[in-house]
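Participant: File follows, upload14.txt with compact mmCIF, C-alpha atoms:
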# COMPACT_ATOMS: atom_id res chain seq x y z
CA MET A 18 0.00 0.00 0.00
CA ASN A 19 1.64 3.23 -1.21
CA TYR A 20 -0.90 5.59 0.38
CA PHE A 21 -2.04 6.46 3.91
CA VAL A 22 -5.51 6.01 5.43
CA HIS A 23 -6.03 7.06 9.05
CA GLU A 24 -7.41 4.25 11.24
CA SER A 25 -10.60 6.24 11.96
CA SER A 26 -11.53 6.42 8.25
CA TYR A 27 -13.53 3.94 6.17
CA VAL A 28 -12.54 3.02 2.64
CA ASP A 29 -14.99 0.64 0.96
CA GLU A 30 -13.93 -2.16 -1.39
CA ASN A 31 -13.24 -1.48 -5.07
CA VAL A 32 -11.76 1.97 -4.48
CA GLU A 33 -8.69 3.16 -6.41
CA ILE A 34 -6.24 5.32 -4.43
CA GLY A 35 -3.06 6.67 -6.03
CA GLU A 36 0.44 6.52 -4.63
CA GLY A 37 1.31 9.14 -2.02
CA THR A 38 -2.30 10.07 -1.22
CA LYS A 39 -3.22 10.75 2.41
CA ILE A 40 -6.74 10.27 3.79
CA TRP A 41 -7.04 11.78 7.26
CA HIS A 42 -9.42 11.32 10.24
CA PHE A 43 -13.11 10.34 10.03
CA CYS A 44 -13.38 10.14 6.23
CA HIS A 45 -15.58 7.79 4.21
CA VAL A 46 -14.67 6.82 0.65
CA GLN A 47 -17.38 4.75 -1.02
CA GLU A 48 -17.18 1.91 -3.51
CA GLY A 49 -16.10 2.76 -7.04
CA ALA A 50 -14.44 6.07 -6.15
CA LYS A 51 -11.11 6.88 -7.82
CA ILE A 52 -8.56 9.14 -6.12
CA GLY A 53 -5.35 10.08 -7.93
CA LYS A 54 -1.75 10.33 -6.77
CA ASN A 55 -0.45 12.69 -4.06
CA CYS A 56 -3.86 13.90 -2.92
CA VAL A 57 -4.66 15.11 0.59
CA ILE A 58 -8.16 14.34 1.84
CA GLY A 59 -8.84 16.35 5.02
CA GLN A 60 -10.71 15.05 8.03
CA ASN A 61 -14.45 14.42 7.92
CA THR A 62 -14.57 14.24 4.12
CA TYR A 63 -17.15 12.10 2.33
CA ILE A 64 -16.51 10.80 -1.20
CA ALA A 65 -19.53 9.19 -2.90
CA PRO A 66 -19.59 6.10 -5.14
CA GLY A 67 -18.12 6.63 -8.59
CA VAL A 68 -16.54 10.03 -7.87
CA GLU A 69 -13.31 10.65 -9.79
CA ILE A 70 -10.55 12.83 -8.33
CA GLY A 71 -7.35 13.66 -10.24
CA ASN A 72 -3.76 13.95 -9.02
CA ASN A 73 -2.41 16.49 -6.50
CA VAL A 74 -5.87 17.47 -5.26
CA LYS A 75 -6.20 18.99 -1.80
CA ILE A 76 -9.60 18.69 -0.14
CA GLN A 77 -9.71 20.42 3.24
CA ASN A 78 -11.83 19.37 6.25
CA ASN A 79 -15.62 18.90 6.26
CA VAL A 80 -16.32 18.52 2.53
CA SER A 81 -18.78 16.10 0.88
CA ILE A 82 -18.08 15.14 -2.73
CA TYR A 83 -21.36 13.72 -4.05
CA LYS A 84 -22.12 11.47 -7.00
CA GLY A 85 -21.86 13.41 -10.27
CA ILE A 86 -18.89 15.55 -9.19
CA THR A 87 -15.62 15.13 -11.08
CA ILE A 88 -12.45 16.85 -9.87
CA GLU A 89 -9.51 17.17 -12.24
CA SER A 90 -5.85 17.41 -11.16
CA ASP A 91 -4.25 20.19 -9.08
CA VAL A 92 -7.54 21.39 -7.58
CA PHE A 93 -7.82 22.96 -4.12
CA ILE A 94 -11.10 22.75 -2.20
CA GLY A 95 -11.21 24.83 0.98
CA PRO A 96 -12.65 23.78 4.34
CA SER A 97 -16.42 23.34 4.59
CA ALA A 98 -17.00 24.02 0.89
CA VAL A 99 -20.44 22.73 -0.14
CA PHE A 100 -21.48 20.92 -3.31
CA THR A 101 -25.09 20.16 -4.19
CA ASN A 102 -26.32 17.47 -6.56
CA VAL A 103 -30.01 18.28 -7.11
CA LEU A 104 -31.59 21.68 -7.83
CA ASN A 105 -34.86 21.35 -5.91
CA PRO A 106 -34.51 18.88 -3.03
CA ARG A 107 -37.42 17.74 -0.86
CA SER A 108 -37.06 15.08 1.81
CA PHE A 109 -40.31 13.41 0.75
CA VAL A 110 -39.57 13.41 -3.04
CA GLU A 111 -37.07 10.94 -4.56
CA ARG A 112 -34.95 12.89 -7.09
CA LYS A 113 -31.87 10.70 -7.57
CA ASP A 114 -32.60 10.58 -11.31
CA GLU A 115 -32.36 14.40 -11.40
CA PHE A 116 -28.76 14.71 -10.14
CA LYS A 117 -26.78 17.33 -12.09
CA ASP A 118 -23.10 16.77 -12.87
CA THR A 119 -20.44 19.26 -11.77
CA LEU A 120 -16.93 19.42 -13.20
CA ILE A 121 -14.08 21.12 -11.34
CA ARG A 122 -11.41 21.73 -13.99
CA GLU A 123 -7.64 21.48 -13.61
CA GLY A 124 -5.95 23.94 -11.26
CA ALA A 125 -9.17 25.51 -9.92
CA SER A 126 -9.42 26.69 -6.30
CA ILE A 127 -12.59 26.86 -4.24
CA GLY A 128 -12.43 28.94 -1.06
CA ALA A 129 -13.66 28.03 2.42
CA ASN A 130 -17.44 27.86 2.89
CA ALA A 131 -18.16 28.43 -0.82
CA THR A 132 -21.28 26.75 -2.19
CA ILE A 133 -21.30 25.24 -5.68
CA ILE A 134 -24.81 24.71 -7.05
CA CYS A 135 -24.89 21.52 -9.13
CA GLY A 136 -24.68 21.56 -12.91
CA ASN A 137 -22.12 24.38 -13.00
CA ASN A 138 -18.59 23.75 -14.20
CA ILE A 139 -15.67 25.51 -12.54
CA GLY A 140 -13.13 26.53 -15.22
CA GLU A 141 -9.45 25.70 -15.22
CA TYR A 142 -7.28 27.84 -12.94
CA SER A 143 -10.30 29.82 -11.77
CA PHE A 144 -10.71 30.91 -8.16
CA VAL A 145 -13.98 30.89 -6.21
CA GLY A 146 -13.71 33.27 -3.23
CA ALA A 147 -14.50 32.13 0.30
CA GLY A 148 -18.20 32.20 1.14
CA SER A 149 -19.29 32.68 -2.47
CA VAL A 150 -22.34 30.97 -3.99
CA VAL A 151 -21.78 29.73 -7.54
CA THR A 152 -25.04 29.68 -9.50
CA LYS A 153 -23.60 29.55 -13.04
CA ARG A 154 -20.52 28.37 -14.94
CA VAL A 155 -17.19 29.89 -13.82
CA SER A 156 -14.92 30.89 -16.72
CA PRO A 157 -11.30 29.71 -16.88
CA TYR A 158 -8.75 32.11 -15.32
CA SER A 159 -11.42 34.14 -13.54
CA MET A 160 -11.78 35.08 -9.89
CA VAL A 161 -15.41 35.09 -8.77
CA CYS A 162 -16.86 36.13 -5.45
CA GLY A 163 -20.10 37.15 -3.79
CA ILE A 164 -23.69 35.90 -3.63
CA PRO A 165 -24.33 35.07 -6.38
CA ALA A 166 -20.70 34.77 -7.48
CA ARG A 167 -19.62 37.21 -10.18
CA ARG A 168 -16.30 37.74 -11.91
CA ALA A 169 -14.13 40.20 -10.00
CA LYS A 170 -11.07 39.97 -12.25
CA TRP A 171 -9.01 37.81 -14.59
CA ILE A 172 -6.13 35.86 -13.06
CA CYS A 173 -3.17 33.78 -14.22
CA ARG A 174 -2.39 30.17 -13.34
CA PHE A 175 -0.74 31.35 -10.12
CA ASN A 176 -3.63 33.60 -9.05
CA HIS A 177 -1.98 36.92 -9.94
CA SER A 178 -4.07 39.68 -11.53
CA LEU A 179 -3.97 40.03 -15.31
CA LYS A 180 -3.68 43.47 -16.91
CA LEU A 181 -5.16 44.43 -20.25
CA VAL A 182 -2.53 45.32 -22.86
CA GLY A 183 -3.71 48.53 -24.55
CA GLU A 184 -7.10 48.22 -26.22
CA THR A 185 -6.58 44.64 -27.39
CA HIS A 186 -7.97 41.35 -26.11
CA LEU A 187 -4.51 40.49 -24.82
CA TYR A 188 -3.72 40.35 -21.08
CA PHE A 189 -0.37 40.16 -19.30
CA CYS A 190 0.77 38.85 -15.91
CA GLU A 191 3.63 40.99 -14.62
CA GLU A 192 4.61 38.37 -12.02
CA CYS A 193 4.78 35.35 -14.38
CA GLU A 194 5.54 37.36 -17.53
CA GLU A 195 2.96 35.35 -19.46
CA TYR A 196 0.30 36.47 -21.90
CA TYR A 197 -3.35 35.48 -21.92
CA ALA A 198 -5.93 36.20 -24.62
CA TYR A 199 -9.68 36.63 -24.36
CA LYS A 200 -11.02 34.86 -27.45
CA THR A 201 -14.54 33.70 -28.30
CA GLY A 202 -15.76 34.38 -24.77
CA GLU A 203 -12.95 32.45 -23.05
CA MET A 204 -9.64 33.43 -21.46
CA LYS A 205 -6.77 31.29 -22.74
CA ARG A 206 -3.10 31.14 -21.83
CA GLU A 207 -0.83 32.17 -24.70
CA GLY A 208 2.56 31.75 -22.98
CA LYS A 209 5.61 34.03 -22.83
Just give me the structure as structure tokens.
Facilitator:
Amino acid sequence: MNYFVHESSYVDENVEIGEGTKIWHFCHVQEGAKIGKNCVIGQNTYIAPGVEIGNNVKIQNNVSIYKGITIESDVFIGPSAVFTNVLNPRSFVERKDEFKDTLIREGASIGANATIICGNNIGEYSFVGAGSVVTKRVSPYSMVCGIPARRAKWICRFNHSLKLVGETHLYFCEECEEYYAYKTGEMKREGK
């Protein structure tokens, strides 16, 4: 076994866990879940059946990752972040066939106590501010915050602010010295 599971945690059968991953206190990983290499799963985390988590993902304490959520590599999920999986829950109505999928793209960060309403993808290298409520898709390389979450600024892969170059659709990160371009409604990394 090339990974660590704290003795207080439960990992069901038929779970894939990558080398170097650490699963801390009071977690439950259900059957069919896949967790990549070098992940850190904080205490009191629940991972539902069939959930897929990429490499180098850090999930802080008190997070539930429900069925229909996919997390790509290099994602950070802050403590007590909340994911939903149905839009209109009622305790007396069975709606498991109405679950909405949510995709957290590579390099994204979700701040503490943020709420992600199901069916909304979180773009690569985006940043959801602490306490925000995401009610629609989050664009790549954007920082969103508030209730409902709205774009506050464009950011680079390392979470530095991007600056518009003249009157073009080209943006520049002074810290990384990389260019980004806003094309067809999406921010994309252009390189140096």
Participant: May I ask for the distance between atom CA of Phe21 of chain A and atom CA of Gln47 of chain A, given in Å to one decimal place?
Facilitator: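 About the pair atom CA of Phe21 of chain A and atom CA of Gln47 of chain A: they are 16.2 Å apart.
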Participant: Report the distance between atom CA of Leu104 of chain A and atom CA of Thr119 of chain A in Å, rounded to one decimal place.
Facilitator: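 Calculated distance between atom CA of Leu104 of chain A and atom CA of Thr119 of chain A is 12.1 Å.
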Participant: Got a sec: who's within 8 Å of His23 of chain A, counting only C-alpha atoms, leaving out chain neighbours fewer than 4 positions off, as a PyMOL selection string?
Facilitator: chain A and resi 40-43
Participant: I'd like the neighbourhood of segment 153-167 of chain A as a PyMOL selection string, where a residue qualifies if any of its atoms comes within 6 Å (using all atoms listed in the file), though same-chain residues fewer than 6 positions away should be ignored.
Facilitator: chain A and resi 137-146+173
Participant: From the options A:Ala65, A:Leu187, A:Asn72, A:Lys113, which residue's atoms come nearest to Gly37 of chain A, counting all atoms listed in the file?
Facilitator: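 Smallest distance to Gly37 of chain A is found for A:Asn72.
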Participant: Please, what distance in Å, to one decimal, runs between atom CA of Gln77 of chain A and atom CA of Ala50 of chain A?
Facilitator: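 Atom CA of Ala50 of chain A lies at a distance of 17.8 Å from atom CA of Gln77 of chain A.
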Participant: Which residues come within 8 Å of Ile133 of chain A, counting only C-alpha atoms, excluding same-chain residues fewer than 5 positions away, as number ranges by chain?
Facilitator: A: 98-101, 150-152
Participant: Between A:Ser97, A:Asn102, A:Ser90, A:Thr185, which residue has the minimum interatomic distance to Glu123 of chain A, considering all atoms listed in the file?
Facilitator: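 Between A:Ser97, A:Asn102, A:Ser90, A:Thr185, the residue approaching Glu123 of chain A most closely is A:Ser90.
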Participant: Can you list, as a list in words, every protein, DNA or RNA residue that comes within 12 Å of Val22 of chain A when you count all atoms listed in the file, leaving out same-chain residues fewer than 4 positions away?
Facilitator: Met18, Ser26, Tyr27, Val28, Asp29, Ile34, Gly35, Glu36, Gly37, Thr38, Lys39, Ile40, Trp41, His42, Phe43, Cys44, His45, Val46, Cys56, Val57, Ile58, Gly59 and Gln60 of chain A
Participant: Write to file, as a CSV table (one decimal), in the coordinates of the input, the residues of the selection just made, with C-alpha atoms.
Facilitator:
chain,number,residue,atom,x,y,z
A,18,MET,CA,0.0,0.0,0.0
A,26,SER,CA,-11.5,6.4,8.2
A,27,TYR,CA,-13.5,3.9,6.2
A,28,VAL,CA,-12.5,3.0,2.6
A,29,ASP,CA,-15.0,0.6,1.0
A,34,ILE,CA,-6.2,5.3,-4.4
A,35,GLY,CA,-3.1,6.7,-6.0
A,36,GLU,CA,0.4,6.5,-4.6
A,37,GLY,CA,1.3,9.1,-2.0
A,38,THR,CA,-2.3,10.1,-1.2
A,39,LYS,CA,-3.2,10.8,2.4
A,40,ILE,CA,-6.7,10.3,3.8
A,41,TRP,CA,-7.0,11.8,7.3
A,42,HIS,CA,-9.4,11.3,10.2
A,43,PHE,CA,-13.1,10.3,10.0
A,44,CYS,CA,-13.4,10.1,6.2
A,45,HIS,CA,-15.6,7.8,4.2
A,46,VAL,CA,-14.7,6.8,0.6
A,56,CYS,CA,-3.9,13.9,-2.9
A,57,VAL,CA,-4.7,15.1,0.6
A,58,ILE,CA,-8.2,14.3,1.8
A,59,GLY,CA,-8.8,16.4,5.0
A,60,GLN,CA,-10.7,15.0,8.0
Participant: Pick the closest to Ile82 of chain A from A:Ala147, A:Glu115, A:Leu120, A:Glu33: which is it, counting all atoms listed in the file?
Facilitator: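 Checking each candidate against Ile82 of chain A, we get A:Leu120 as the closest.
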Participant: Using all atoms listed in the file, which residue out of A:Phe175, A:Tyr83, A:Tyr20, A:Phe109 lies closest to Ser126 of chain A?
Facilitator: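 Closest candidate: A:Phe175.
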